[in-house]
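Colleague: Supplied structure: query05.txt, compact mmCIF, C-alpha atoms.
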# COMPACT_ATOMS: atom_id res chain seq x y z
CA LEU A 27 23.94 -37.36 82.67
CA PRO A 28 21.88 -34.19 82.11
CA ILE A 29 19.10 -34.48 79.54
CA ASP A 30 21.01 -32.42 76.94
CA GLN A 31 23.70 -35.13 76.88
CA LYS A 32 21.27 -38.01 76.36
CA GLU A 33 19.62 -39.38 73.26
CA SER A 34 16.32 -38.54 75.00
CA GLN A 35 17.00 -34.92 74.03
CA LYS A 36 15.43 -35.77 70.65
CA TRP A 37 11.98 -35.81 72.28
CA LEU A 38 12.43 -32.28 73.57
CA ARG A 39 13.62 -31.10 70.15
CA SER A 40 10.60 -32.72 68.55
CA PHE A 41 8.19 -31.09 70.99
CA ARG A 42 9.78 -27.67 70.43
CA LYS A 43 9.22 -28.06 66.69
CA VAL A 44 5.55 -28.81 67.35
CA ALA A 45 5.43 -25.72 69.58
CA GLU A 46 6.72 -23.60 66.69
CA ILE A 47 3.93 -24.91 64.47
CA GLN A 48 1.40 -24.32 67.27
CA LYS A 49 2.23 -20.59 67.23
CA ALA A 50 1.42 -20.53 63.51
CA CYS A 51 -1.89 -22.35 64.10
CA PRO A 52 -3.50 -20.50 67.04
CA ASN A 53 -6.98 -21.87 66.23
CA THR A 54 -5.88 -25.51 66.25
CA LYS A 55 -4.75 -27.44 69.31
CA LEU A 56 -1.76 -29.59 68.41
CA ILE A 57 -0.90 -32.75 70.34
CA SER A 58 2.56 -34.29 70.49
CA VAL A 59 2.27 -38.07 70.88
CA GLY A 60 5.13 -40.27 72.05
CA ASP A 61 5.74 -43.94 72.73
CA ARG A 62 7.24 -45.45 75.89
CA GLU A 63 10.71 -44.15 75.03
CA SER A 64 9.42 -40.60 75.48
CA ASP A 65 8.26 -41.17 79.06
CA ILE A 66 10.71 -38.72 80.63
CA TYR A 67 9.96 -36.06 83.22
CA GLU A 68 11.78 -33.30 81.35
CA LEU A 69 9.41 -33.69 78.42
CA PHE A 70 6.41 -33.06 80.69
CA GLN A 71 8.24 -30.03 82.08
CA GLU A 72 8.69 -28.73 78.54
CA ALA A 73 5.03 -29.35 77.72
CA THR A 74 3.68 -27.43 80.72
CA ARG A 75 5.80 -24.28 80.44
CA ASP A 76 3.43 -22.55 78.02
CA PRO A 77 -0.32 -22.96 78.65
CA ASN A 78 -0.96 -21.96 75.03
CA GLY A 79 1.49 -24.51 73.68
CA PRO A 80 0.79 -27.98 72.31
CA GLY A 81 -0.53 -30.79 74.46
CA LEU A 82 1.44 -33.92 75.25
CA LEU A 83 0.29 -37.53 75.24
CA VAL A 84 2.79 -40.24 76.18
CA ARG A 85 2.46 -43.96 76.68
CA MET A 86 4.01 -44.70 80.05
CA ASN A 87 7.01 -46.98 80.35
CA ARG A 88 6.19 -49.51 83.04
CA ALA A 89 9.88 -49.75 83.94
CA THR A 90 9.79 -46.22 85.38
CA ARG A 91 7.76 -47.57 88.33
CA ARG A 92 6.01 -44.26 88.79
CA LYS A 93 4.10 -44.07 92.08
CA VAL A 94 1.09 -42.19 93.45
CA GLY A 95 0.93 -41.92 97.22
CA GLY A 96 3.63 -44.55 97.54
CA ILE A 97 1.69 -47.05 95.38
CA LEU A 98 2.62 -47.98 91.83
CA LEU A 99 0.49 -46.08 89.33
CA TRP A 100 -0.39 -49.32 87.50
CA ASP A 101 -1.79 -50.77 90.73
CA VAL A 102 -3.69 -47.57 91.55
CA MET A 103 -5.33 -47.38 88.12
CA SER A 104 -6.13 -51.09 87.79
CA ALA A 105 -7.89 -50.97 91.18
CA ARG A 106 -10.21 -48.17 90.05
CA PRO A 107 -13.68 -49.04 88.74
CA VAL A 108 -14.02 -49.09 84.96
CA ASP A 109 -15.29 -45.72 83.71
CA GLY A 110 -16.52 -47.13 80.40
CA THR A 111 -15.65 -49.26 77.41
CA TYR A 112 -14.29 -48.31 74.02
CA PRO A 113 -14.44 -50.43 70.82
CA LEU A 114 -11.24 -50.43 68.78
CA HIS A 115 -10.25 -51.92 65.45
CA ILE A 116 -6.75 -53.39 65.53
CA PRO A 117 -5.23 -53.50 62.02
CA ARG A 118 -3.44 -56.56 60.79
CA THR A 119 0.32 -56.82 60.59
CA PRO A 120 2.57 -59.53 59.12
CA LYS A 121 2.47 -61.19 62.57
CA ARG A 122 -1.10 -60.43 63.61
CA PRO A 123 -4.51 -60.67 61.93
CA ALA A 124 -6.90 -57.75 62.16
CA ARG A 125 -9.53 -57.90 64.86
CA ASP A 126 -12.18 -55.81 66.57
CA THR A 127 -11.82 -55.57 70.31
CA VAL A 128 -13.21 -53.76 73.35
CA LEU A 129 -11.12 -51.83 75.86
CA ASP A 130 -11.94 -51.11 79.49
CA VAL A 131 -11.10 -47.45 80.15
CA ARG A 132 -10.16 -45.83 83.45
CA PHE A 133 -8.92 -42.27 83.95
CA ALA A 134 -7.82 -40.05 86.83
CA PRO A 135 -5.81 -36.89 87.55
CA LEU A 136 -2.41 -37.20 89.19
CA ASP A 137 0.65 -35.18 90.14
CA LEU A 138 3.89 -36.28 88.48
CA LYS A 139 6.63 -35.94 91.06
CA PRO A 140 10.14 -35.17 89.76
CA PRO A 141 12.79 -37.91 89.91
CA LYS A 142 15.49 -37.66 92.56
CA ARG A 143 18.02 -36.42 89.99
CA LEU A 144 15.94 -33.25 89.53
CA LYS A 145 16.00 -31.19 92.70
CA ASN A 146 13.79 -28.21 93.54
CA CYS A 147 11.24 -29.10 90.86
CA ALA A 148 7.53 -28.88 91.58
CA PRO A 149 5.13 -31.73 90.72
CA ILE A 150 3.39 -31.53 87.36
CA ARG A 151 -0.36 -31.88 86.97
CA ALA A 152 -1.28 -34.58 84.47
CA TRP A 153 -3.98 -37.13 83.73
CA ALA A 154 -3.67 -40.90 83.39
CA VAL A 155 -5.83 -42.91 80.99
CA TYR A 156 -5.48 -46.65 81.54
CA VAL A 157 -6.91 -48.99 78.92
CA CYS A 158 -6.92 -52.77 79.07
CA GLU A 159 -8.30 -55.15 76.47
CA GLN A 160 -11.15 -57.34 77.67
CA SER A 161 -9.96 -60.95 77.91
CA GLN A 162 -12.82 -62.37 75.82
CA HIS A 163 -11.68 -60.25 72.88
CA SER A 164 -7.95 -61.00 73.17
CA PRO A 165 -6.92 -64.19 71.32
CA ASP A 166 -3.42 -64.42 72.79
CA GLU A 167 -1.07 -63.04 75.42
CA ASN A 168 -0.39 -59.90 73.35
CA SER A 169 -3.44 -58.06 74.62
CA ILE A 170 -3.56 -54.27 74.64
CA GLU A 171 -2.66 -52.56 77.91
CA TRP A 172 -1.78 -48.89 77.70
CA MET A 173 -1.10 -46.38 80.45
CA LEU A 174 -1.39 -43.01 78.74
CA LEU A 175 -0.21 -39.83 80.46
CA THR A 176 -1.32 -36.47 79.12
CA THR A 177 -1.02 -32.79 79.96
CA VAL A 178 -4.44 -32.18 78.38
CA GLU A 179 -7.23 -32.03 80.94
CA THR A 180 -9.20 -35.27 80.99
CA SER A 181 -12.19 -34.70 83.22
CA CYS A 182 -14.86 -36.93 81.64
CA PHE A 183 -15.20 -40.22 79.81
CA GLU A 184 -15.54 -38.52 76.41
CA HIS A 185 -12.16 -36.87 77.01
CA ALA A 186 -10.65 -40.25 77.92
CA LYS A 187 -11.96 -41.86 74.73
CA GLN A 188 -10.47 -39.05 72.69
CA ARG A 189 -7.06 -39.59 74.29
CA VAL A 190 -7.25 -43.28 73.32
CA ARG A 191 -8.12 -42.30 69.74
CA TRP A 192 -5.12 -39.96 69.65
CA TYR A 193 -2.75 -42.73 70.64
CA ALA A 194 -4.35 -45.28 68.30
CA ARG A 195 -3.51 -42.94 65.40
CA ARG A 196 0.13 -43.89 65.93
CA TRP A 197 -0.42 -47.14 64.04
CA GLY A 198 -1.25 -45.26 60.85
CA ILE A 199 1.43 -42.61 61.40
CA GLU A 200 4.10 -45.28 61.82
CA VAL A 201 3.03 -46.96 58.57
CA PHE A 202 3.17 -43.58 56.80
CA HIS A 203 6.73 -42.95 58.00
CA ARG A 204 7.79 -46.48 57.11
CA THR A 205 6.37 -45.92 53.62
CA LEU A 206 8.34 -42.68 53.34
CA LYS A 207 11.54 -44.31 54.59
CA SER A 208 11.44 -47.75 52.96
CA GLY A 209 9.04 -47.28 50.05
CA CYS A 210 10.18 -43.83 48.87
CA ARG A 211 13.73 -44.43 50.19
CA ILE A 212 13.99 -40.79 51.28
CA LYS A 213 17.20 -41.46 53.22
CA ASP A 214 18.96 -42.47 49.99
CA ARG A 215 18.54 -39.03 48.44
CA GLN A 216 21.96 -37.39 48.05
CA LEU A 217 21.10 -33.71 47.69
CA GLY A 218 23.59 -30.93 48.19
CA THR A 219 21.44 -28.37 50.02
CA ALA A 220 18.81 -28.30 52.74
CA HIS A 221 16.47 -26.45 50.36
CA GLY A 222 16.74 -29.25 47.81
CA LEU A 223 16.10 -31.87 50.48
CA GLN A 224 13.02 -29.98 51.73
CA ALA A 225 11.59 -29.76 48.22
CA CYS A 226 12.23 -33.46 47.64
CA LEU A 227 10.69 -34.34 50.99
CA GLY A 228 7.58 -32.30 50.15
CA VAL A 229 7.01 -34.33 46.98
CA GLU A 230 7.87 -37.67 48.58
CA MET A 231 5.47 -37.07 51.48
CA VAL A 232 2.57 -36.67 49.03
CA VAL A 233 3.60 -39.88 47.26
CA ALA A 234 3.95 -41.71 50.59
CA TRP A 235 0.54 -40.44 51.70
CA ARG A 236 -1.14 -41.77 48.55
CA VAL A 237 0.63 -45.13 48.82
CA PHE A 238 -0.22 -45.25 52.51
CA HIS A 239 -3.94 -44.84 51.82
CA LEU A 240 -3.89 -47.70 49.31
CA MET A 241 -2.14 -49.86 51.90
CA MET A 242 -4.69 -48.94 54.57
CA LEU A 243 -7.55 -49.94 52.30
CA ALA A 244 -5.90 -53.33 51.85
CA ARG A 245 -5.23 -53.70 55.58
CA GLU A 246 -8.62 -52.44 56.77
CA MET A 247 -6.91 -49.72 58.85
CA PRO A 248 -8.55 -46.32 59.34
CA ALA A 249 -6.79 -43.87 57.05
CA LEU A 250 -5.14 -40.67 58.21
CA PRO A 251 -6.85 -37.39 57.37
CA CYS A 252 -5.70 -35.69 54.20
CA PRO A 253 -3.07 -32.96 54.74
CA GLY A 254 -5.70 -30.22 54.92
CA GLU A 255 -7.53 -32.03 57.75
CA PHE A 256 -4.69 -32.45 60.26
Transcribe the structure of this file into structure tokens.

Modeller:
Amino acid sequence: LPIDQKESQKWLRSFRKVAEIQKACPNTKLISVGDRESDIYELFQEATRDPNGPGLLVRMNRATRRKVGGILLWDVMSARPVDGTYPLHIPRTPKRPARDTVLDVRFAPLDLKPPKRLKNCAPIRAWAVYVCEQSQHSPDENSIEWMLLTTVETSCFEHAKQRVRWYARRWGIEVFHRTLKSGCRIKDRQLGTAHGLQACLGVEMVVAWRVFHLMMLAREMPALPCPGEF
């Protein structure tokens, strides 16, 4: 099926909304961050159409079996020497205690070749940042292993560390949205107009943000910036 007939279309719609905000914030570089579900070629196409648009950072889905020079990207990146290490605090969850860990970081440029279903499409320039938790810091089999793909140039180790920080922010963002959805019960609001829903959402987001920060203090998770610092 074409992308506009798939549920994956939601990632393109989301990125286009970020692009609209980017035009209103020319002095701030916005980054759209997605999980493994967003690892689709069309999203990278969308993100590279406008050089002044937002950047894209996606955690790669290992099931895509993306290759570089005929070799699986995971094998290519894991064979590279470690470029540096990065300490990371992993917040606790109901199933996992908090811990401090150390990640091995590798990064490299690559060309994303289009899938066979997309003909006459040129490869897309991107950068891979591969992070793997050091075994001595991982207490169980659920160790961190991320393959991050980004359209934002990553030419030095400081860039690579920043890309890891961007993705690590997802933990806090997910808690914020869960607070808005389950704590504030925003989906239960039965308002008759879009304007009324927007006004309600504006108030509820402030409430959720305050509750979120109290939760982060209890969970020892780094808090999100206040609204004026995004």

Colleague: Can you tell me, as JSON, the centre and edge lengths (Å, one decimal) of the axis-aligned box enclosing all of stretch 114-130 of chain A's listed atoms after padding each side by 8 Å?

Modeller:
{"center_x": -5.3, "center_y": -55.8, "center_z": 69.3, "size_x": 31.8, "size_y": 26.8, "size_z": 36.4}

Colleague: Quick one: of A:Gly222, A:Pro107, A:Pro140, A:Pro80, who's nearest to A:Gln48, counting all atoms listed in the file?

Modeller: A:Pro80

Colleague: For A:Phe41, list every protein, DNA or RNA residue within 8 Å, evaluated using all atoms listed in the file, and leave out those in the same chain fewer than 6 positions away; present the list as an NGL selection string.

Modeller: :A and (58 or 69 or 72-73)

Colleague: Show which residues sit within 8 Å of A:Phe183, as an NGL selection string. Count all atoms listed in the file, and ignore same-chain residues fewer than 5 positions away.

Modeller: :A and (109-110 or 133)

Colleague: List every protein, DNA or RNA residue that has at least one atom no more than 6 Å from (-2.1, -35.3, 81.1) in the file's coordinates, counting all atoms listed in the file, and write the result as a PDB file with C-alpha atoms, in the coordinates of the input.

Modeller:
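Ended up saving to out-v2.pdb:
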ATOM      1  CA  ALA A 152      -1.280 -34.580  84.470  1.00  0.00           C
ATOM      2  CA  TRP A 153      -3.980 -37.130  83.730  1.00  0.00           C
ATOM      3  CA  LEU A 175      -0.210 -39.830  80.460  1.00  0.00           C
ATOM      4  CA  THR A 176      -1.320 -36.470  79.120  1.00  0.00           C
ATOM      5  CA  THR A 177      -1.020 -32.790  79.960  1.00  0.00           C
ATOM      6  CA  VAL A 178      -4.440 -32.180  78.380  1.00  0.00           C
TER       7      VAL A 178
END

Colleague: Given the choices A:Cys51, A:Cys182, A:Leu98, A:Ile116, which gets closest to A:Trp197 if the distance is worked out from only C-alpha atoms?

Modeller: A:Ile116

Colleague: Work out how far apart atom CA of A:Ser181 and atom CA of A:Cys147 are and give it in Å to one decimal.

Modeller: 25.3 Å

Colleague: Which residue gives the smallest distance to A:Arg196 among A:Glu46, A:Asp30, A:Asp61, A:Glu68, with only C-alpha atoms counted?

Modeller: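 Ranked by minimum distance to A:Arg196, first place goes to A:Asp61.
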
Colleague: Between A:Val229, A:Ile150, A:Ile170, A:Ala234, which residue has the minimum interatomic distance to A:Ile199, considering all atoms listed in the file?

Modeller: A:Ala234

Colleague: Which is closer to A:Val102 than all the others in A:Trp37, A:Leu136, A:Gln71, A:His163, using all atoms listed in the file?

Modeller: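 Among the listed residues, the smallest separation from A:Val102 belongs to A:Leu136.
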
Colleague: Kindly give the distance, in Å, that separates atom CA of A:Asn87 and atom CA of A:Met173, rounded to a single decimal.

Modeller: 8.1 Å

Colleague: I need the residue nearest A:Val59 from this list: A:Val84, A:Ala89, A:Ala148, A:Ala45. Use all atoms listed in the file for the distance.

Modeller: A:Val84

Colleague: Hey, what's within 10 Å of A:Pro141 if we count all atoms listed in the file and toss same-chain stuff fewer than 6 positions away? As a PyMOL selection string, please?

Modeller: chain A and resi 66-68+90+92+147+149

Colleague: Considering all atoms listed in the file, return as a list in words whatever protein or nucleic-acid residues lie within 8 Å of A:Ser169, sequence-local ones (same chain, fewer than 5 positions apart) excluded.

Modeller: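 Within the cut-off, the hits are Cys158, Glu159, Ser161 and Ser164 of chain A.
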
Colleague: Restricting it to C-alpha atoms, dump the selection as a PDB file, keeping the file's coordinate frame.

Modeller:
ATOM      1  CA  CYS A 158      -6.920 -52.770  79.070  1.00  0.00           C
ATOM      2  CA  GLU A 159      -8.300 -55.150  76.470  1.00  0.00           C
ATOM      3  CA  SER A 161      -9.960 -60.950  77.910  1.00  0.00           C
ATOM      4  CA  SER A 164      -7.950 -61.000  73.170  1.00  0.00           C
TER       5      SER A 164
END

Colleague: In Å, with one decimal, what is the gap from atom CA of A:Asp101 to atom CA of A:Leu38?

Modeller: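 Here the two named atoms are 29.0 Å from each other.
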
Colleague: How about completing stretch 86-97 of chain A with all heavy atoms and giving it to me as a compact mmCIF listing (two decimals), in the frame of the given file?

Modeller:
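Saved the output as out.txt:
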# COMPACT_ATOMS: atom_id res chain seq x y z
N MET A 86 3.09 -44.53 78.93
CA MET A 86 4.01 -44.70 80.05
C MET A 86 4.84 -45.96 79.90
O MET A 86 4.37 -47.01 79.46
CB MET A 86 3.22 -44.75 81.36
CG MET A 86 4.09 -44.95 82.59
SD MET A 86 3.09 -45.06 84.09
CE MET A 86 4.31 -45.76 85.21
N ASN A 87 6.10 -45.84 80.29
CA ASN A 87 7.01 -46.98 80.35
C ASN A 87 6.87 -47.62 81.73
O ASN A 87 7.16 -46.99 82.75
CB ASN A 87 8.45 -46.51 80.12
CG ASN A 87 9.42 -47.66 80.04
OD1 ASN A 87 9.10 -48.81 80.36
ND2 ASN A 87 10.63 -47.38 79.59
N ARG A 88 6.44 -48.85 81.75
CA ARG A 88 6.19 -49.51 83.04
C ARG A 88 7.47 -49.61 83.89
O ARG A 88 7.41 -49.65 85.12
CB ARG A 88 5.62 -50.91 82.81
CG ARG A 88 4.95 -51.52 84.04
CD ARG A 88 4.04 -52.65 83.66
NE ARG A 88 3.18 -53.04 84.77
CZ ARG A 88 2.09 -53.77 84.63
NH1 ARG A 88 1.70 -54.16 83.42
NH2 ARG A 88 1.35 -54.11 85.68
N ALA A 89 8.61 -49.62 83.22
CA ALA A 89 9.88 -49.75 83.94
C ALA A 89 10.19 -48.54 84.81
O ALA A 89 11.03 -48.61 85.70
CB ALA A 89 11.02 -50.00 82.96
N THR A 90 9.53 -47.40 84.56
CA THR A 90 9.79 -46.22 85.38
C THR A 90 9.25 -46.36 86.80
O THR A 90 9.66 -45.63 87.69
CB THR A 90 9.16 -44.96 84.74
OG1 THR A 90 7.75 -45.16 84.63
CG2 THR A 90 9.76 -44.69 83.37
N ARG A 91 8.30 -47.30 87.00
CA ARG A 91 7.76 -47.57 88.33
C ARG A 91 7.28 -46.29 89.01
O ARG A 91 7.56 -46.04 90.17
CB ARG A 91 8.79 -48.29 89.21
CG ARG A 91 9.22 -49.64 88.66
CD ARG A 91 10.21 -50.34 89.58
NE ARG A 91 9.61 -50.62 90.88
CZ ARG A 91 8.82 -51.65 91.15
NH1 ARG A 91 8.49 -52.51 90.18
NH2 ARG A 91 8.35 -51.84 92.36
N ARG A 92 6.55 -45.50 88.24
CA ARG A 92 6.01 -44.26 88.79
C ARG A 92 4.96 -44.56 89.86
O ARG A 92 4.14 -45.47 89.69
CB ARG A 92 5.40 -43.42 87.66
CG ARG A 92 4.97 -42.03 88.08
CD ARG A 92 4.55 -41.19 86.90
NE ARG A 92 5.69 -40.66 86.18
CZ ARG A 92 6.06 -41.05 84.97
NH1 ARG A 92 5.38 -41.98 84.35
NH2 ARG A 92 7.11 -40.51 84.38
N LYS A 93 4.98 -43.81 90.95
CA LYS A 93 4.10 -44.07 92.08
C LYS A 93 3.18 -42.88 92.37
O LYS A 93 3.51 -41.74 92.07
CB LYS A 93 4.92 -44.41 93.34
CG LYS A 93 5.71 -45.70 93.23
CD LYS A 93 6.46 -46.00 94.52
CE LYS A 93 7.23 -47.32 94.41
NZ LYS A 93 7.94 -47.63 95.67
N VAL A 94 2.04 -43.19 92.98
CA VAL A 94 1.09 -42.19 93.45
C VAL A 94 0.78 -42.53 94.91
O VAL A 94 0.24 -43.60 95.20
CB VAL A 94 -0.20 -42.19 92.62
CG1 VAL A 94 -1.22 -41.22 93.21
CG2 VAL A 94 0.09 -41.84 91.17
N GLY A 95 1.14 -41.64 95.82
CA GLY A 95 0.93 -41.92 97.22
C GLY A 95 1.67 -43.15 97.71
O GLY A 95 1.18 -43.87 98.59
N GLY A 96 2.83 -43.40 97.14
CA GLY A 96 3.63 -44.55 97.54
C GLY A 96 3.21 -45.85 96.89
O GLY A 96 3.83 -46.90 97.14
N ILE A 97 2.19 -45.84 96.06
CA ILE A 97 1.69 -47.05 95.38
C ILE A 97 1.95 -46.92 93.89
O ILE A 97 1.78 -45.85 93.31
CB ILE A 97 0.18 -47.25 95.65
CG1 ILE A 97 -0.09 -47.29 97.16
CG2 ILE A 97 -0.32 -48.53 94.99
CD1 ILE A 97 -1.56 -47.34 97.50
